[in-house]
Amino acid sequence: MNLAIRGIEGQIAHGDSFHNDRHPDLKADFILANPPFNVKDWGGDRLADDQRWQYGIPPKGNANFAWVQHEEAPG
């Protein structure tokens with residue numbers, strides 16, 4: 001809806017970007033997303049060795065720190 005009311009085209013894909021990135025090669029100037037604020041069961045145990053954690057492994061019981069690193073990670 002946010003894109004539509006502003007007349008912006010975009011690549012929309014429903015999914016879980018932590019575990020199934022729908023746009024792995026996308027280079028973008030802006031990303032509009034709904035972060036999983038305070039999600040306790042976000043599957044962090046499956047991502048302990050993920051290359052995106054350049055500032056430390058996020059706590060398994062809170063997705064906030066993972067989200068910040070995920071969206072800032074170099075591609």
# chains A, B, ... in the order shown; residues from 1 in each chain; ligands from 1
call {"tool": "residues_around", "arguments": {"residues": "Ala13 of chain A", "least_positions_apart": "2", "cutoff": "9 Å", "atoms": "only C-alpha atoms", "output": "list in words"}}
result
Gln11, Gly15, Arg22 and His23 of chain A
call {"tool": "write_last_selection", "arguments": {"atoms": "C-alpha atoms", "output": "mmCIF file, in the first residue's frame"}}
result
data_model
loop_
_atom_site.group_PDB
_atom_site.id
_atom_site.type_symbol
_atom_site.label_atom_id
_atom_site.label_comp_id
_atom_site.auth_asym_id
_atom_site.auth_seq_id
_atom_site.Cartn_x
_atom_site.Cartn_y
_atom_site.Cartn_z
ATOM 1 C CA GLN A 11 9.768 -5.719 -6.321
ATOM 2 C CA GLY A 15 8.661 -14.310 2.711
ATOM 3 C CA ARG A 22 13.786 -13.577 -2.276
ATOM 4 C CA HIS A 23 16.191 -10.990 -3.727
#
call {"tool": "residues_around", "arguments": {"residues": "Ile57 of chain A", "least_positions_apart": "6", "cutoff": "9 Å", "atoms": "only C-alpha atoms", "output": "ChimeraX atom specification"}}
result
/A:44,47-50,65-66
call {"tool": "write_last_selection", "arguments": {"atoms": "all heavy atoms", "output": "mmCIF file, in the first residue's frame"}}
result
data_model
loop_
_atom_site.group_PDB
_atom_site.id
_atom_site.type_symbol
_atom_site.label_atom_id
_atom_site.label_comp_id
_atom_site.auth_asym_id
_atom_site.auth_seq_id
_atom_site.Cartn_x
_atom_site.Cartn_y
_atom_site.Cartn_z
ATOM 1 N N GLY A 44 16.884 -17.720 15.126
ATOM 2 C CA GLY A 44 18.284 -17.343 15.245
ATOM 3 C C GLY A 44 19.224 -18.509 15.446
ATOM 4 O O GLY A 44 20.380 -18.462 15.027
ATOM 5 N N LEU A 47 20.898 -19.641 12.363
ATOM 6 C CA LEU A 47 21.751 -18.681 11.665
ATOM 7 C C LEU A 47 23.001 -18.296 12.449
ATOM 8 O O LEU A 47 23.573 -17.232 12.235
ATOM 9 C CB LEU A 47 20.935 -17.415 11.353
ATOM 10 C CG LEU A 47 19.725 -17.618 10.446
ATOM 11 C CD1 LEU A 47 18.888 -16.358 10.386
ATOM 12 C CD2 LEU A 47 20.163 -18.024 9.059
ATOM 13 N N ALA A 48 23.441 -19.148 13.338
ATOM 14 C CA ALA A 48 24.592 -18.838 14.193
ATOM 15 C C ALA A 48 25.855 -18.524 13.390
ATOM 16 O O ALA A 48 26.660 -17.691 13.794
ATOM 17 C CB ALA A 48 24.848 -19.983 15.161
ATOM 18 N N ASP A 49 26.042 -19.147 12.247
ATOM 19 C CA ASP A 49 27.250 -18.942 11.439
ATOM 20 C C ASP A 49 27.012 -18.037 10.232
ATOM 21 O O ASP A 49 27.815 -18.020 9.296
ATOM 22 C CB ASP A 49 27.777 -20.297 10.948
ATOM 23 C CG ASP A 49 28.208 -21.188 12.090
ATOM 24 O OD1 ASP A 49 28.763 -20.649 13.077
ATOM 25 O OD2 ASP A 49 27.984 -22.404 12.009
ATOM 26 N N ASP A 50 25.944 -17.262 10.248
ATOM 27 C CA ASP A 50 25.588 -16.415 9.109
ATOM 28 C C ASP A 50 26.619 -15.309 8.901
ATOM 29 O O ASP A 50 27.083 -14.683 9.856
ATOM 30 C CB ASP A 50 24.205 -15.807 9.349
ATOM 31 C CG ASP A 50 23.593 -15.269 8.076
ATOM 32 O OD1 ASP A 50 24.092 -14.241 7.573
ATOM 33 O OD2 ASP A 50 22.633 -15.868 7.580
ATOM 34 N N PHE A 65 18.223 -6.882 16.975
ATOM 35 C CA PHE A 65 19.629 -6.721 16.606
ATOM 36 C C PHE A 65 19.936 -7.446 15.296
ATOM 37 O O PHE A 65 20.710 -6.968 14.475
ATOM 38 C CB PHE A 65 20.525 -7.225 17.732
ATOM 39 C CG PHE A 65 21.979 -6.908 17.548
ATOM 40 C CD1 PHE A 65 22.415 -5.618 17.324
ATOM 41 C CD2 PHE A 65 22.925 -7.909 17.597
ATOM 42 C CE1 PHE A 65 23.757 -5.321 17.151
ATOM 43 C CE2 PHE A 65 24.279 -7.634 17.428
ATOM 44 C CZ PHE A 65 24.683 -6.335 17.204
ATOM 45 N N ALA A 66 19.309 -8.579 15.071
ATOM 46 C CA ALA A 66 19.494 -9.304 13.808
ATOM 47 C C ALA A 66 18.969 -8.476 12.640
ATOM 48 O O ALA A 66 19.601 -8.399 11.589
ATOM 49 C CB ALA A 66 18.781 -10.650 13.869
#
call {"tool": "atom_distance", "arguments": {"atom1": "atom CA of Ser17 of chain A", "atom2": "atom CA of Pro59 of chain A"}}
result
17.3 Å
call {"tool": "residues_around", "arguments": {"residues": "Asp41 of chain A", "least_positions_apart": "2", "cutoff": "10 Å", "atoms": "only C-alpha atoms", "output": "count of residues only"}}
result
9
call {"tool": "atom_distance", "arguments": {"atom1": "atom CA of Leu3 of chain A", "atom2": "atom CA of Trp67 of chain A"}}
result
21.4 Å
